[in-house]
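Below is one structure, written out as structure tokens, with a few remarks after it.
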Amino acid sequence: MARLSAAAARAAWPEIRGQFAAVARLRWCIFINSLRTLRGRLEVASWILMGCAFAAVGLGGMFGLGAVAFYLVAHGQAEWLSAMFWGIFLYWQLFPVMATAFAESFDSTNFLRFPLRYRSYFFIRLAYGSLDPATLVGSLWLLGIFAGISIASPGMLPWAALVLAAFAAFNILLNRALFAWIERWLARRKSREILGIVFFLLIISVQFIGPLMARMGGHAHHSLLPYATYVLPGERLLPPGLAGAALGHATHAHFAGAFGALALLCGYAAACLWILDLRLRAQFHGETLSETVAPVTAREKNTPARVGWNLPGFSSPVAAMFEKEFRYLSRSSPMIFTLLMPIVILLLFRLGGAAGAGRAAPPSAHFHPVPSAFSHYAFPISVAYALLILTNLIYNSLGADGSGVQMYYVVPVRFRDVLLGKNLVHAAIVAFETMLLWIAASLMFGPPPLGIVLATLAGLLFAATVNFAVGDCLSLLSPKKMDFAVFGRQRASGTTAFAGLAAQTVVFGLVAATFAVAHFFGGLWLVAVLNLALAAVALAGYSILLNRIDNLARSRREAIISELLRA
């Protein structure tokens, strides 16, 4: 039987290799065809810029970690390599989760439509996931550590190759398994909400580690020292600790311990392989997850039609769009997180400032208003941060509509009214968030001066108007479907990200210039006047754009519908 299975595997390998070649040719043809459009060329340019940035991070880390690994091995301290492995492990697993805009943009589950063997499908999914920036950067870092160990101790070259290869395989398989199972959990509304709350609480909790450690001051080392004796043995049983332990044992010629640590590390990689295989095999055999509800027999009674909202001064289509967007966003967990995060950042600054201002102060004094240079500017800084994190929503306002965007071209409604209704909801969110931030800043740092408040509101009016105008254009020129049940592909496109970065640079640069001019001539009232003048110009441009946006929407009709209906 073993001979038959080996013969079958050898016979299937040419077919698998041919399928890989066909997939590679397909992706190459898609790439070449995308260059025929302006958006495709802009996407390529954005990916080149991002690739240069990731290459700089990868190469810089490769040389730095290689030098540290050389020093540790040369001085007989290879056990401390575990610290670097922990850093690589955390980056490899957490960065793709935090920065899903840089994750794979192609849905490789589409290959299930083609007559592929399961083995081919598994390796294709694994290959696509291994081409993300986190894997490439992590591989460069491990390559630098390998070079440092090999130069410091040439006899360690085989051990370094085996341990680092096993550690890389574990990280790749764990990353793919996490993404596959998170997509499984996100396919259901209830699990999606629970996972979103846990994820956001985890992000917020991590932010408080630094300020709390700073508040504890010198007592932190003594209070955490008893726990270190319990943590360190457990750390040696986890994959990063095992990789460092294997190399440390090999350096001191303790080959039994090195083999044991390496075998346990390979066991972790095999467990991740089994978990990933379990998920992909279910997909391959036709698992479909749906949130549809069983049909319910309609009751025979006349229910009165619900009257829609009415916005004074605006037409009925604008009011209907405002109500629809408000109801959608009010049920969105990411929107709630977006509203809370600027307040959390203010609290972090408050805790950090209190810890740095006076460590001998009693605990009750930590939340009393402390006059400082930052306390006056806490409100404008938090408002700028809030507007910045809202750009993901503003710059892709059609993404959540999906296939429903077709209705905008069928019903007798102007695109001007559609985008105006969406912008009014965004403006309401910005206004509500600004009010919350003023209350939070007043409670934590004391009420900001009236001049700073007026200058901030005037600058916010200018910045928000420019963002709405740029966002409306980018929503039509480079839309992207937002699928909250698929992890890693719900953000704006790369072109939108770079265009938004350029717009934010110009806007915040102009607002900062008004503050610099006012500081030179004296008086914050001049900032409000200058920002109001800029806001008047921005409002005039926004009005002109809205009146002409229908022509752009008609000319981009096919591209918008095809992009937002993409599976």
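In the structure tokens, chains take letters A, B, ... by order of appearance, with residues numbered from 1 within each chain and ligands from 1 in the order shown.
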field: Ala440 in chain A surroundings by only C-alpha atoms, 8 Å radius, close-in-sequence under 4 positions cut, as a list in words
entry: Ile343, Leu346, Leu436 and Met444 of chain A
query: Of the residues A:Gly18, A:Leu545, A:Arg331, A:Ser82, which is the one nearest to Leu238 in chain A, using only C-alpha atoms?
result: A:Ser82
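For the choices A:Leu280, A:Leu140, A:Leu126, A:Leu393, the atom-to-atom distance to Ala56 in chain A is smallest for A:Leu140 when using only C-alpha atoms.
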message: So, with only C-alpha atoms as the atoms that count, which of A:Ala513, A:Phe255, A:Pro133, A:Ser330 lies closest to Ala53 in chain A?
response: A:Pro133
Filtered DSSP result for range 99-172 of chain A, state alpha helix (DSSP H), as a compact mmCIF listing (two decimals) with all heavy atoms, in the first residue's frame:
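Now in selection.txt:
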# COMPACT_ATOMS: atom_id res chain seq x y z
N TYR A 118 -7.67 18.33 -4.36
CA TYR A 118 -7.56 19.00 -3.06
C TYR A 118 -6.12 19.38 -2.76
O TYR A 118 -5.85 20.44 -2.20
CB TYR A 118 -8.10 18.10 -1.94
CG TYR A 118 -7.82 18.69 -0.59
CD1 TYR A 118 -8.49 19.82 -0.14
CD2 TYR A 118 -6.86 18.12 0.26
CE1 TYR A 118 -8.21 20.38 1.10
CE2 TYR A 118 -6.59 18.66 1.49
CZ TYR A 118 -7.26 19.79 1.90
OH TYR A 118 -6.98 20.35 3.13
N ARG A 119 -5.18 18.52 -3.13
CA ARG A 119 -3.77 18.82 -2.86
C ARG A 119 -3.34 20.08 -3.59
O ARG A 119 -2.64 20.94 -3.03
CB ARG A 119 -2.91 17.63 -3.27
CG ARG A 119 -1.45 17.75 -2.88
CD ARG A 119 -0.68 16.50 -3.26
NE ARG A 119 -1.25 15.32 -2.60
CZ ARG A 119 -0.83 14.08 -2.84
NH1 ARG A 119 0.13 13.86 -3.73
NH2 ARG A 119 -1.38 13.07 -2.21
N SER A 120 -3.81 20.24 -4.83
CA SER A 120 -3.47 21.46 -5.59
C SER A 120 -4.10 22.69 -4.93
O SER A 120 -3.46 23.73 -4.78
CB SER A 120 -3.94 21.32 -7.03
OG SER A 120 -3.36 20.20 -7.65
N TYR A 121 -5.37 22.55 -4.55
CA TYR A 121 -6.05 23.68 -3.90
C TYR A 121 -5.34 24.06 -2.61
O TYR A 121 -5.16 25.25 -2.31
CB TYR A 121 -7.50 23.31 -3.64
CG TYR A 121 -8.26 24.33 -2.85
CD1 TYR A 121 -8.56 25.58 -3.39
CD2 TYR A 121 -8.67 24.06 -1.54
CE1 TYR A 121 -9.25 26.53 -2.64
CE2 TYR A 121 -9.36 25.00 -0.80
CZ TYR A 121 -9.64 26.23 -1.35
OH TYR A 121 -10.32 27.16 -0.62
N PHE A 122 -4.93 23.09 -1.81
CA PHE A 122 -4.26 23.37 -0.53
C PHE A 122 -2.97 24.13 -0.77
O PHE A 122 -2.69 25.14 -0.11
CB PHE A 122 -3.99 22.05 0.19
CG PHE A 122 -3.32 22.23 1.52
CD1 PHE A 122 -4.07 22.43 2.66
CD2 PHE A 122 -1.95 22.19 1.63
CE1 PHE A 122 -3.46 22.59 3.89
CE2 PHE A 122 -1.32 22.35 2.84
CZ PHE A 122 -2.08 22.56 3.99
N PHE A 123 -2.16 23.66 -1.70
CA PHE A 123 -0.87 24.32 -1.95
C PHE A 123 -1.05 25.70 -2.58
O PHE A 123 -0.25 26.61 -2.33
CB PHE A 123 0.02 23.43 -2.82
CG PHE A 123 0.64 22.28 -2.08
CD1 PHE A 123 0.32 20.98 -2.41
CD2 PHE A 123 1.52 22.51 -1.04
CE1 PHE A 123 0.88 19.92 -1.72
CE2 PHE A 123 2.10 21.45 -0.35
CZ PHE A 123 1.77 20.15 -0.68
N ILE A 124 -2.10 25.87 -3.38
CA ILE A 124 -2.36 27.20 -3.96
C ILE A 124 -2.74 28.18 -2.86
O ILE A 124 -2.25 29.31 -2.82
CB ILE A 124 -3.45 27.10 -5.03
CG1 ILE A 124 -2.91 26.40 -6.29
CG2 ILE A 124 -3.96 28.49 -5.41
CD1 ILE A 124 -3.97 26.12 -7.32
N ARG A 125 -3.62 27.76 -1.95
CA ARG A 125 -3.99 28.63 -0.83
C ARG A 125 -2.77 28.96 0.03
O ARG A 125 -2.58 30.10 0.48
CB ARG A 125 -5.06 27.95 0.03
CG ARG A 125 -6.44 27.91 -0.56
CD ARG A 125 -7.04 29.30 -0.62
NE ARG A 125 -7.13 29.94 0.66
CZ ARG A 125 -8.19 29.90 1.46
NH1 ARG A 125 -9.26 29.21 1.08
NH2 ARG A 125 -8.19 30.53 2.61
N LEU A 126 -1.92 27.97 0.26
CA LEU A 126 -0.73 28.19 1.07
C LEU A 126 0.25 29.12 0.36
O LEU A 126 0.86 30.00 0.99
CB LEU A 126 -0.07 26.85 1.37
CG LEU A 126 0.98 26.84 2.49
CD1 LEU A 126 0.36 27.23 3.81
CD2 LEU A 126 1.61 25.45 2.59
N ALA A 127 0.38 28.96 -0.96
CA ALA A 127 1.31 29.81 -1.70
C ALA A 127 0.83 31.25 -1.74
O ALA A 127 1.63 32.18 -1.59
CB ALA A 127 1.47 29.26 -3.13
N TYR A 128 -0.48 31.46 -1.94
CA TYR A 128 -1.00 32.83 -1.95
C TYR A 128 -0.80 33.51 -0.60
O TYR A 128 -0.43 34.68 -0.53
CB TYR A 128 -2.48 32.81 -2.31
CG TYR A 128 -2.73 33.08 -3.77
CD1 TYR A 128 -2.84 32.05 -4.68
CD2 TYR A 128 -2.85 34.39 -4.23
CE1 TYR A 128 -3.06 32.30 -6.02
CE2 TYR A 128 -3.07 34.64 -5.57
CZ TYR A 128 -3.18 33.59 -6.46
OH TYR A 128 -3.39 33.85 -7.79
N GLY A 129 -1.05 32.77 0.48
CA GLY A 129 -0.86 33.36 1.79
C GLY A 129 0.59 33.63 2.12
O GLY A 129 0.89 34.52 2.92
N PRO A 133 3.10 40.63 2.73
CA PRO A 133 4.30 41.36 3.20
C PRO A 133 4.85 40.84 4.52
O PRO A 133 6.07 40.84 4.71
CB PRO A 133 3.78 42.80 3.34
CG PRO A 133 2.62 42.88 2.39
CD PRO A 133 1.99 41.54 2.41
N ALA A 134 3.98 40.42 5.45
CA ALA A 134 4.48 39.95 6.74
C ALA A 134 5.38 38.73 6.57
O ALA A 134 6.43 38.62 7.22
CB ALA A 134 3.31 39.61 7.66
N THR A 135 4.99 37.81 5.68
CA THR A 135 5.81 36.62 5.45
C THR A 135 7.13 36.97 4.80
O THR A 135 8.19 36.43 5.17
CB THR A 135 5.04 35.62 4.57
OG1 THR A 135 3.82 35.27 5.23
CG2 THR A 135 5.85 34.37 4.33
N LEU A 136 7.12 37.88 3.83
CA LEU A 136 8.36 38.27 3.16
C LEU A 136 9.30 38.97 4.12
O LEU A 136 10.51 38.70 4.15
CB LEU A 136 8.03 39.16 1.96
CG LEU A 136 7.17 38.51 0.87
CD1 LEU A 136 6.88 39.51 -0.24
CD2 LEU A 136 7.87 37.28 0.30
N VAL A 137 8.76 39.90 4.94
CA VAL A 137 9.61 40.61 5.90
C VAL A 137 10.14 39.64 6.95
O VAL A 137 11.34 39.67 7.30
CB VAL A 137 8.82 41.76 6.55
CG1 VAL A 137 9.61 42.38 7.70
CG2 VAL A 137 8.51 42.84 5.52
N GLY A 138 9.27 38.78 7.49
CA GLY A 138 9.72 37.80 8.48
C GLY A 138 10.78 36.86 7.93
O GLY A 138 11.73 36.49 8.64
N SER A 139 10.65 36.47 6.66
CA SER A 139 11.65 35.59 6.05
C SER A 139 13.00 36.30 5.92
O SER A 139 14.05 35.68 6.14
CB SER A 139 11.16 35.13 4.68
OG SER A 139 9.93 34.43 4.79
N LEU A 140 12.97 37.58 5.57
CA LEU A 140 14.22 38.33 5.50
C LEU A 140 14.88 38.43 6.87
O LEU A 140 16.11 38.31 6.99
CB LEU A 140 13.96 39.73 4.93
CG LEU A 140 13.67 39.82 3.43
CD1 LEU A 140 13.34 41.26 3.05
CD2 LEU A 140 14.88 39.36 2.63
N TRP A 141 14.09 38.64 7.90
CA TRP A 141 14.66 38.72 9.25
C TRP A 141 15.28 37.40 9.67
O TRP A 141 16.37 37.36 10.25
CB TRP A 141 13.57 39.14 10.24
CG TRP A 141 13.13 40.56 10.08
CD1 TRP A 141 13.70 41.51 9.27
CD2 TRP A 141 12.03 41.19 10.72
NE1 TRP A 141 13.02 42.69 9.37
CE2 TRP A 141 12.00 42.53 10.26
CE3 TRP A 141 11.08 40.77 11.63
CZ2 TRP A 141 11.03 43.44 10.69
CZ3 TRP A 141 10.12 41.67 12.08
CH2 TRP A 141 10.10 42.99 11.60
N LEU A 142 14.61 36.29 9.37
CA LEU A 142 15.18 34.99 9.70
C LEU A 142 16.43 34.72 8.89
O LEU A 142 17.38 34.08 9.38
CB LEU A 142 14.14 33.89 9.46
CG LEU A 142 12.94 33.88 10.41
CD1 LEU A 142 12.01 32.73 10.05
CD2 LEU A 142 13.40 33.74 11.85
N LEU A 143 16.45 35.19 7.65
CA LEU A 143 17.65 35.02 6.83
C LEU A 143 18.83 35.79 7.43
O LEU A 143 19.97 35.31 7.43
CB LEU A 143 17.37 35.51 5.40
CG LEU A 143 18.51 35.34 4.38
CD1 LEU A 143 18.85 33.86 4.22
CD2 LEU A 143 18.12 35.94 3.04
N GLY A 144 18.57 36.99 7.97
CA GLY A 144 19.63 37.74 8.62
C GLY A 144 20.14 37.03 9.86
O GLY A 144 21.36 36.99 10.12
N ILE A 145 19.24 36.44 10.68
CA ILE A 145 19.67 35.69 11.85
C ILE A 145 20.48 34.47 11.44
O ILE A 145 21.51 34.14 12.06
CB ILE A 145 18.43 35.27 12.68
CG1 ILE A 145 17.74 36.51 13.25
CG2 ILE A 145 18.83 34.32 13.80
CD1 ILE A 145 16.46 36.20 14.00
N PHE A 146 20.06 33.81 10.36
CA PHE A 146 20.80 32.65 9.86
C PHE A 146 22.22 33.05 9.45
O PHE A 146 23.20 32.35 9.78
CB PHE A 146 20.06 32.03 8.69
CG PHE A 146 20.81 30.92 8.00
CD1 PHE A 146 20.89 29.66 8.58
CD2 PHE A 146 21.43 31.14 6.78
CE1 PHE A 146 21.59 28.64 7.96
CE2 PHE A 146 22.13 30.12 6.15
CZ PHE A 146 22.20 28.87 6.74
N ALA A 147 22.35 34.16 8.75
CA ALA A 147 23.68 34.62 8.34
C ALA A 147 24.53 34.97 9.56
O ALA A 147 25.72 34.63 9.61
CB ALA A 147 23.55 35.82 7.41
N GLY A 148 23.95 35.66 10.55
CA GLY A 148 24.72 36.02 11.74
C GLY A 148 25.20 34.80 12.50
O GLY A 148 26.36 34.75 12.94
N ILE A 149 24.33 33.78 12.66
CA ILE A 149 24.74 32.57 13.37
C ILE A 149 25.82 31.82 12.59
O ILE A 149 26.80 31.34 13.17
CB ILE A 149 23.51 31.67 13.60
CG1 ILE A 149 22.51 32.35 14.55
CG2 ILE A 149 23.93 30.32 14.17
CD1 ILE A 149 21.21 31.60 14.70
N SER A 150 25.66 31.73 11.27
CA SER A 150 26.61 30.99 10.45
C SER A 150 27.98 31.64 10.45
O SER A 150 29.01 30.95 10.47
CB SER A 150 26.08 30.87 9.02
OG SER A 150 24.81 30.24 9.01
N ILE A 151 28.02 32.98 10.43
CA ILE A 151 29.31 33.66 10.44
C ILE A 151 29.99 33.52 11.81
O ILE A 151 31.20 33.32 11.90
CB ILE A 151 29.13 35.14 10.07
CG1 ILE A 151 28.63 35.25 8.62
CG2 ILE A 151 30.44 35.92 10.23
CD1 ILE A 151 28.27 36.65 8.21
N ALA A 152 29.21 33.63 12.89
CA ALA A 152 29.78 33.54 14.22
C ALA A 152 30.26 32.13 14.53
O ALA A 152 31.29 31.94 15.21
CB ALA A 152 28.76 33.99 15.26
N LEU A 157 25.75 25.93 11.28
CA LEU A 157 24.98 26.17 10.06
C LEU A 157 23.86 25.14 9.87
O LEU A 157 22.72 25.51 9.59
CB LEU A 157 25.91 26.21 8.86
CG LEU A 157 25.33 26.73 7.53
CD1 LEU A 157 26.41 27.43 6.72
CD2 LEU A 157 24.74 25.59 6.69
N PRO A 158 24.12 23.82 10.01
CA PRO A 158 23.00 22.88 9.82
C PRO A 158 21.89 23.06 10.85
O PRO A 158 20.70 23.00 10.51
CB PRO A 158 23.69 21.51 9.95
CG PRO A 158 25.12 21.77 9.71
CD PRO A 158 25.39 23.13 10.23
N TRP A 159 22.26 23.27 12.10
CA TRP A 159 21.25 23.46 13.13
C TRP A 159 20.44 24.73 12.89
O TRP A 159 19.21 24.74 13.05
CB TRP A 159 21.91 23.53 14.52
CG TRP A 159 22.22 22.19 15.08
CD1 TRP A 159 23.44 21.58 15.14
CD2 TRP A 159 21.29 21.28 15.65
NE1 TRP A 159 23.35 20.35 15.71
CE2 TRP A 159 22.02 20.13 16.04
CE3 TRP A 159 19.92 21.29 15.86
CZ2 TRP A 159 21.42 19.03 16.63
CZ3 TRP A 159 19.32 20.20 16.46
CH2 TRP A 159 20.06 19.09 16.84
N ALA A 160 21.12 25.80 12.51
CA ALA A 160 20.41 27.06 12.24
C ALA A 160 19.44 26.89 11.08
O ALA A 160 18.31 27.40 11.12
CB ALA A 160 21.42 28.18 11.94
N ALA A 161 19.87 26.17 10.03
CA ALA A 161 18.99 25.96 8.88
C ALA A 161 17.74 25.17 9.28
O ALA A 161 16.61 25.52 8.91
CB ALA A 161 19.75 25.24 7.77
N LEU A 162 17.92 24.09 10.05
CA LEU A 162 16.77 23.27 10.44
C LEU A 162 15.82 24.03 11.37
O LEU A 162 14.59 24.02 11.17
CB LEU A 162 17.27 21.99 11.14
CG LEU A 162 17.98 20.96 10.26
CD1 LEU A 162 18.54 19.82 11.11
CD2 LEU A 162 17.04 20.40 9.20
N VAL A 163 16.37 24.69 12.39
CA VAL A 163 15.52 25.37 13.36
C VAL A 163 14.79 26.54 12.72
O VAL A 163 13.57 26.72 12.91
CB VAL A 163 16.37 25.84 14.56
CG1 VAL A 163 15.54 26.72 15.49
CG2 VAL A 163 16.91 24.65 15.32
N LEU A 164 15.49 27.35 11.95
CA LEU A 164 14.85 28.52 11.33
C LEU A 164 13.83 28.09 10.27
O LEU A 164 12.79 28.74 10.11
CB LEU A 164 15.90 29.44 10.73
CG LEU A 164 16.85 30.08 11.75
CD1 LEU A 164 17.86 30.99 11.05
CD2 LEU A 164 16.08 30.88 12.79
N ALA A 165 14.10 27.02 9.54
CA ALA A 165 13.12 26.52 8.56
C ALA A 165 11.86 26.03 9.27
O ALA A 165 10.73 26.30 8.83
CB ALA A 165 13.73 25.41 7.73
N ALA A 166 12.03 25.30 10.38
CA ALA A 166 10.86 24.84 11.14
C ALA A 166 10.09 26.01 11.73
O ALA A 166 8.85 26.01 11.74
CB ALA A 166 11.31 23.88 12.24
N PHE A 167 10.80 27.01 12.23
CA PHE A 167 10.14 28.18 12.81
C PHE A 167 9.38 28.97 11.73
O PHE A 167 8.25 29.44 11.97
CB PHE A 167 11.17 29.08 13.48
CG PHE A 167 10.59 30.24 14.24
CD1 PHE A 167 9.79 30.03 15.35
CD2 PHE A 167 10.83 31.53 13.84
CE1 PHE A 167 9.25 31.10 16.05
CE2 PHE A 167 10.31 32.61 14.53
CZ PHE A 167 9.51 32.38 15.64
N ALA A 168 9.97 29.11 10.54
CA ALA A 168 9.28 29.79 9.44
C ALA A 168 8.04 29.01 9.00
O ALA A 168 6.98 29.59 8.76
CB ALA A 168 10.24 29.99 8.27
N ALA A 169 8.16 27.69 8.89
CA ALA A 169 7.01 26.87 8.50
C ALA A 169 5.89 26.99 9.53
O ALA A 169 4.71 27.09 9.17
CB ALA A 169 7.44 25.42 8.34
N PHE A 170 6.25 27.00 10.82
CA PHE A 170 5.23 27.15 11.86
C PHE A 170 4.50 28.48 11.73
O PHE A 170 3.26 28.54 11.82
CB PHE A 170 5.89 27.05 13.24
CG PHE A 170 5.05 27.62 14.35
CD1 PHE A 170 3.95 26.93 14.84
CD2 PHE A 170 5.34 28.86 14.89
CE1 PHE A 170 3.18 27.45 15.85
CE2 PHE A 170 4.57 29.40 15.89
CZ PHE A 170 3.48 28.69 16.38
N ASN A 171 5.22 29.57 11.50
CA ASN A 171 4.59 30.89 11.39
C ASN A 171 3.70 30.99 10.17
O ASN A 171 2.59 31.55 10.24
CB ASN A 171 5.68 31.97 11.34
CG ASN A 171 6.20 32.34 12.71
OD1 ASN A 171 5.59 33.06 13.46
ND2 ASN A 171 7.37 31.80 13.04
N ILE A 172 4.14 30.45 9.05
CA ILE A 172 3.32 30.50 7.83
C ILE A 172 2.03 29.70 8.02
O ILE A 172 0.93 30.17 7.70
CB ILE A 172 4.12 29.96 6.63
CG1 ILE A 172 5.28 30.92 6.30
CG2 ILE A 172 3.22 29.79 5.42
CD1 ILE A 172 6.21 30.39 5.22
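Interatomic distance, CA of Asn551 in chain A against CA of Leu461 in chain A: 26.7 Å.
In this comparison, which uses only C-alpha atoms, the residue of A:Val44, A:Ser442, A:Gly402, A:Ser153 approaching Tyr71 in chain A most closely is A:Ser153.
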task: Pick out the residues sitting within 12 Å of Thr251 in chain A, and hand them over as a ChimeraX atom specification; count only C-alpha atoms, and ignore anything fewer than 2 positions along from it in its own chain.
output: /A:72-79,81,149-150,152-160,244-249,253-255,257-258
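Proximity to Glu433 in chain A was assessed for A:Ala540, A:Ala320, A:Leu339, A:Leu419 counting only C-alpha atoms; the smallest distance is recorded for A:Leu339.
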